[in-house]
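**Student:** First the structure, then my questions, so here it is.
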Amino acid sequence: MVKQPFLLESSGLHYTYPDGTIGLDGLNINVKKGSCTALLGSNGAGKSTLLLSINGILRPSSGMILFNGEALDYSRHGLEALRKRVGVVFQNPDAQLFSASVYQDISFGLCNLGLLDDDVRERVEAVMKKTGVDALRQRPVHRLSHGQKKRVALAGVLVMEPDLLVLDEPTAGLDPKGASEIMHFIKDLQAHSGITVLIATHDIEMVPVFCDHVCVMDAGKMLLQGSPDDVFACRELLRNVGLRLPRIGHLMEILEEKEGFALSGAAFTVGAARRALVALKNN
Amino acid sequence: MITPDFYASQSRLRLIDPGLKLFVALPLLGICLWADSIVLSIAILIFTGSILVKGGGVPLRIYMKLVFLPISFLLLGTVTIALAISDTPGHFFFSFYVFGKYVGFTETGILQATHLFFKALAAVSCLFSLSLTTPITDLEFIARRFRVPGVLVEMTGLVYRFIFLLLDSANTMRTAQLSRLGYSGFAASFRSLASLSSSLFVHSLQKSEDLFIGLESRGYTGNLTVSRELYESRREWYAAFVVFHLAVIAAALFLQSLRGNWW
């Protein structure tokens with residue numbers, strides 16, 4: 001069998017909402033296996049529409065989505081199989097947690113897969129330990145903080161062991177520590193399991209630190225795809241669609257263009273900026 | 001705010017088979033109501049109370065508060081039962097003379113009221129021995145075991161979960177209205193309340209759609225099947241409580257045979 005480099009590919013996706021709003025307008029996206037891909041775009045660019053199309057909740061009116069090289073199968077059975085492999089964690093955990101019991105909510109996905117009771121229990125316990133929600137089991141869901149609910153929601157998706165983890169705004173509404181913890185957790189998870197991650201986010205600072213691929217959407221189309229360095233090099237394009245550079249990148253841009261610093265290449269993270277400035281000092 | 005569900009999910013007895021808990025609480029409640037004995041009621045009150053406080057780890061203060069929560073209601077109810085009206089002052093041991101009638105307490109009235117008072121307290125405590133050790137999510141499994149239709153059980157669970165979300169949304173909206181002087185006058189209050197209720201309705205609809213998408217993404221096919229945690233359950237425990245209940249019934253019969261009104 002030929003090894004597929006892309007876990008998710010799409011071409012020419014169109015989707016129009018019943019009220020006439022255009023969600024997707026000929027979108028192409030490629031998500032490499034094992035990558036951590038960021039999906040950027042201003043509000044209304046179609047990110048959510050895309051996420052819901054990936055696991056077959058929305059069905060594009062035209063265009064193709066290939067998951068692992070195969071076109072999505074919208075039959076009942078096909079969708080079940082797809083949703084087992086594509087896990088979506090929604091922005092608002094309250095939209096996902098339906099049970100007042102942490103344990104029961106996490107077990108939901110597995111029970112839908114028709115696993116044996118003992119297997120379910122074992123996997124739920126394991127994922128609870130891994131995501132650090134073990135200590136929350138003694139509290140009803142409505143007694144949890146927003147950050148804790150997000151963790152439980154993540155656990156409820158991870159327990160199904162998907163191939164593609166789709167996160168909608170994983171850091172929104174979290175304090176800096178909580179946001180950093182959840183991103184580090186996802187990074188560790190990737191290092192151990194090789195899971196592919198797609199993150200829709202407005203948290204631009206986080207992108208160059210945690211992601212190795214960036215997709216920029218605008219008005220239902222794919223504007224740019226590439227490594228963070230390549231994408232953030234297209235400053236004007238990003239600014240035109242309501243986005244911006246990471247603050248560090250902006251600072252380096254100003255230092256180079258307005259203050260005449262002779263920097264070698266751009267830097268978008270604290271570490272990269274530090275290296276660039278140290279190199280400058282040593283010269 | 002004291003919420004029983006919080007203590008239920010923290011209870012040390014939470015992982016005991018909810019079926020057993022039901023098997024302890026309900027027959028005891030039945031016996032308590034049937035026996036109608038003050039001594040037995042107090043004994044049951046102490047028994048269930050110590051299970052909750054010693055076994056379940058509910059703070060004594062909280063337990064007292066919860067059991068005595070209905071006390072004002074209970075006192076009002078029992079006092080009216082104790083009161084009697086008569087033309088003659090004969091059998092009252094305390095009475096007022098109002099409008100040509102005697103209103104007061106008779107011995108039978110007080111006896112009846114005291115019985116009722118302790119019976120009610122013990123019954124409340126019996127129910128708390130269930131509701132302070134068993135979160136509603138665990139009760140769902142019992143409901144299923146008793147062949148309650150799945151839809152009903154799932155609805156109960158969802159309603160329970162969404163009460164808190166609804167309250168939360170309502171609170172947030174009310175705060176927003178308050179901070180824009182939404183309740184500063186009579187007319188304004190009505191207007192604000194009207195718009196609050198209508199937007200809550202729309203809000204709920206939106207939330208339910210979101211939830212549906214969330215569930216579908218995790219493979220929802222029409223059943224909210226979940227797994228349960230492993231409960232501690234032994235046949236011997238059931239057997240022990242059969243013996244226990246029989247002993248309580250025997251005690252009740254013995255107390256009745258004494259023919260004292262105050263037992």
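Every chain in the structure tokens has a letter given in the order shown (A, B, ...), and although residue numbers restart at 1 in each chain, ligands are simply numbered from 1 in the order shown.
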Tell me the residues of chain A close to chain B, meaning within 10 Å using only C-alpha atoms, as a ChimeraX atom specification.
**Tutor:** /A:52,55-58,76,79-90,92-114,116-118,120-121,124-125,137-143,153,156-157,160
**Student:** Just to be explicit: take each residue in the selection above, keep C-alpha atoms, and write the result as a tab-separated table (two decimals), in the first residue's frame.
**Tutor:**
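Result written to result25.tsv:
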chain	number	residue	atom	x	y	z
A	52	LEU	CA	-17.73	20.47	10.94
A	55	ASN	CA	-16.16	14.92	10.55
A	56	GLY	CA	-19.14	14.87	8.26
A	57	ILE	CA	-21.56	16.94	10.33
A	58	LEU	CA	-21.85	19.31	7.37
A	76	ARG	CA	-24.55	5.99	8.41
A	79	LEU	CA	-19.96	8.45	9.31
A	80	GLU	CA	-19.67	6.29	12.39
A	81	ALA	CA	-16.33	4.99	11.19
A	82	LEU	CA	-15.18	8.51	10.33
A	83	ARG	CA	-16.13	10.03	13.68
A	84	LYS	CA	-14.24	7.30	15.44
A	85	ARG	CA	-11.09	8.46	13.66
A	86	VAL	CA	-11.69	12.21	13.72
A	87	GLY	CA	-12.13	13.62	17.21
A	88	VAL	CA	-13.45	17.15	17.55
A	89	VAL	CA	-13.09	19.14	20.77
A	90	PHE	CA	-15.42	22.11	20.64
A	92	ASN	CA	-17.39	25.62	24.47
A	93	PRO	CA	-17.07	22.54	26.66
A	94	ASP	CA	-20.66	22.95	27.83
A	95	ALA	CA	-21.75	22.15	24.29
A	96	GLN	CA	-20.06	18.81	24.56
A	97	LEU	CA	-20.48	17.62	28.14
A	98	PHE	CA	-23.96	16.19	28.40
A	99	SER	CA	-23.63	14.19	31.58
A	100	ALA	CA	-23.26	15.56	35.08
A	101	SER	CA	-20.71	12.85	35.79
A	102	VAL	CA	-17.15	13.27	34.50
A	103	TYR	CA	-16.66	9.54	34.20
A	104	GLN	CA	-19.88	8.91	32.35
A	105	ASP	CA	-19.31	11.72	29.92
A	106	ILE	CA	-15.87	10.45	29.00
A	107	SER	CA	-17.20	6.94	28.51
A	108	PHE	CA	-19.86	8.08	26.02
A	109	GLY	CA	-17.78	7.87	22.86
A	110	LEU	CA	-16.43	4.45	23.73
A	111	CYS	CA	-19.87	3.08	24.50
A	112	ASN	CA	-20.95	4.23	21.06
A	113	LEU	CA	-18.15	2.14	19.59
A	114	GLY	CA	-19.77	-0.88	21.17
A	116	LEU	CA	-17.12	-4.32	26.20
A	117	ASP	CA	-17.83	-2.78	29.57
A	118	ASP	CA	-14.47	-3.76	31.05
A	120	VAL	CA	-14.46	0.87	28.30
A	121	ARG	CA	-13.69	1.18	31.98
A	124	VAL	CA	-11.64	5.69	30.53
A	125	GLU	CA	-9.52	5.26	33.65
A	137	ARG	CA	-14.42	12.57	39.12
A	138	GLN	CA	-15.76	13.36	42.56
A	139	ARG	CA	-17.38	16.54	41.36
A	140	PRO	CA	-20.47	17.12	39.29
A	141	VAL	CA	-19.65	18.71	35.94
A	142	HIS	CA	-21.43	21.96	36.81
A	143	ARG	CA	-19.03	22.38	39.71
A	153	ALA	CA	-14.10	17.50	27.00
A	156	GLY	CA	-13.89	12.50	26.18
A	157	VAL	CA	-12.50	12.80	22.67
A	160	MET	CA	-11.68	7.25	21.39
**Student:** Got a sec to tell me which of stretch 72-166 of chain A DSSP assigns to strand (DSSP E), as a PyMOL selection string?
**Tutor:** chain A and resi 86-89+164-166
**Student:** I need the residues from that last selection saved to file as a short mmCIF file (atom, residue, chain, number, x, y, z; two decimals), in the first residue's frame (with N, CA, C and O atoms), if you can.
**Tutor:**
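Done, and the output landed in out.cif:
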data_model
loop_
_atom_site.label_atom_id
_atom_site.label_comp_id
_atom_site.auth_asym_id
_atom_site.auth_seq_id
_atom_site.Cartn_x
_atom_site.Cartn_y
_atom_site.Cartn_z
N VAL A 86 -11.86 10.76 13.63
CA VAL A 86 -11.69 12.21 13.72
C VAL A 86 -12.35 12.67 15.01
O VAL A 86 -13.56 12.57 15.16
N GLY A 87 -11.56 13.15 15.94
CA GLY A 87 -12.13 13.62 17.21
C GLY A 87 -12.17 15.13 17.23
O GLY A 87 -11.17 15.77 16.95
N VAL A 88 -13.33 15.70 17.52
CA VAL A 88 -13.45 17.15 17.55
C VAL A 88 -13.70 17.62 18.98
O VAL A 88 -14.63 17.15 19.63
N VAL A 89 -12.85 18.53 19.46
CA VAL A 89 -13.09 19.14 20.77
C VAL A 89 -13.59 20.55 20.51
O VAL A 89 -12.90 21.37 19.91
N LEU A 164 -7.04 11.81 13.94
CA LEU A 164 -6.96 13.26 13.76
C LEU A 164 -7.70 13.92 14.92
O LEU A 164 -8.87 13.64 15.17
N LEU A 165 -6.97 14.78 15.63
CA LEU A 165 -7.59 15.50 16.74
C LEU A 165 -7.83 16.93 16.28
O LEU A 165 -6.90 17.64 15.92
N VAL A 166 -9.09 17.34 16.26
CA VAL A 166 -9.43 18.68 15.81
C VAL A 166 -9.81 19.51 17.04
O VAL A 166 -10.70 19.12 17.79
#
**Student:** Mind checking DSSP for stretch 75-212 of chain B and telling me the alpha helix (DSSP H) residues as a VMD selection string?
**Tutor:** chain B and resid 75 to 82 107 to 131 136 to 145 150 to 178 186 to 212
**Student:** For stretch 172-178 of chain A, find every residue with an atom within 8 Å (counting only C-alpha atoms), except residues of its own chain fewer than 6 positions away, and show them as a PyMOL selection string.
**Tutor:** chain A and resi 91+146-147+203
**Student:** Go ahead and write the selection's residues with N, CA, C and O atoms as a PDB file, in the first residue's frame.
**Tutor:**
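Generated output (again_1.pdb):
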ATOM      1  N   GLN A  91     -15.129  24.438  21.117  1.00  0.00           N
ATOM      2  CA  GLN A  91     -14.641  25.573  21.892  1.00  0.00           C
ATOM      3  C   GLN A  91     -15.339  25.658  23.246  1.00  0.00           C
ATOM      4  O   GLN A  91     -14.704  25.861  24.266  1.00  0.00           O
ATOM      5  N   HIS A 146     -14.037  26.445  34.021  1.00  0.00           N
ATOM      6  CA  HIS A 146     -14.025  26.386  32.566  1.00  0.00           C
ATOM      7  C   HIS A 146     -12.844  25.539  32.062  1.00  0.00           C
ATOM      8  O   HIS A 146     -12.998  24.691  31.185  1.00  0.00           O
ATOM      9  N   GLY A 147     -11.676  25.773  32.651  1.00  0.00           N
ATOM     10  CA  GLY A 147     -10.483  25.044  32.239  1.00  0.00           C
ATOM     11  C   GLY A 147     -10.615  23.551  32.504  1.00  0.00           C
ATOM     12  O   GLY A 147     -10.216  22.722  31.683  1.00  0.00           O
ATOM     13  N   ASP A 203      -5.272  32.494  18.663  1.00  0.00           N
ATOM     14  CA  ASP A 203      -4.129  32.714  19.553  1.00  0.00           C
ATOM     15  C   ASP A 203      -2.854  32.633  18.717  1.00  0.00           C
ATOM     16  O   ASP A 203      -2.180  31.605  18.656  1.00  0.00           O
TER      17      ASP A 203
END
**Student:** Which residues are near A:Glu253? Cut-off 10 Å, only C-alpha atoms, ignore same chain within fewer than 4 positions. Put them as a PyMOL selection string.
**Tutor:** chain A and resi 235+245+247-249+257-261+263+265-268
**Student:** Extract, using only C-alpha atoms, all DNA, RNA and protein residues at most 10 Å from B:Ser95, discarding same-chain residues fewer than 5 positions from it, and format them as a ChimeraX atom specification.
**Tutor:** /B:83-86,89-90,101-106
**Student:** Considering only C-alpha atoms, return as a list in words whatever protein or nucleic-acid residues lie within 12 Å of B:Ala239, sequence-local ones (same chain, fewer than 6 positions apart) excluded.
**Tutor:** Leu20, Phe23, Val24, Ser233, His245 and Leu246 of chain B
**Student:** Let's have the selection written as a CSV table (one decimal), in the first residue's frame, with N, CA, C and O atoms.
**Tutor:**
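Result file out_24.csv:
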chain,number,residue,atom,x,y,z
B,20,LEU,N,-28.1,-1.3,46.2
B,20,LEU,CA,-28.0,-1.6,47.7
B,20,LEU,C,-28.5,-0.4,48.5
B,20,LEU,O,-29.3,-0.6,49.4
B,23,PHE,N,-32.0,-0.3,48.4
B,23,PHE,CA,-32.5,-1.4,49.1
B,23,PHE,C,-32.5,-1.2,50.6
B,23,PHE,O,-33.3,-1.7,51.4
B,24,VAL,N,-31.6,-0.3,51.0
B,24,VAL,CA,-31.6,0.1,52.5
B,24,VAL,C,-32.6,1.2,52.7
B,24,VAL,O,-33.4,1.1,53.6
B,233,SER,N,-20.3,-4.2,45.4
B,233,SER,CA,-21.6,-4.9,45.6
B,233,SER,C,-21.3,-6.3,46.1
B,233,SER,O,-20.5,-7.0,45.5
B,245,HIS,N,-33.7,-5.4,58.1
B,245,HIS,CA,-35.1,-4.8,58.0
B,245,HIS,C,-36.1,-5.7,58.8
B,245,HIS,O,-37.0,-5.2,59.4
B,246,LEU,N,-35.8,-7.0,58.8
B,246,LEU,CA,-36.7,-7.9,59.6
B,246,LEU,C,-36.6,-7.6,61.0
B,246,LEU,O,-37.6,-7.5,61.8
**Student:** Enter the distance from atom CA of A:Ile199 to atom CA of A:Ser53, in Å, rounded to one decimal.
**Tutor:** 14.6 Å
**Student:** For a test of reading the model, state the distance in Å between atom CA of A:Gly34 and atom CA of A:Leu51, rounded to one decimal.
**Tutor:**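 Pair atom CA of A:Gly34 / atom CA of A:Leu51 returns 17.8 Å.
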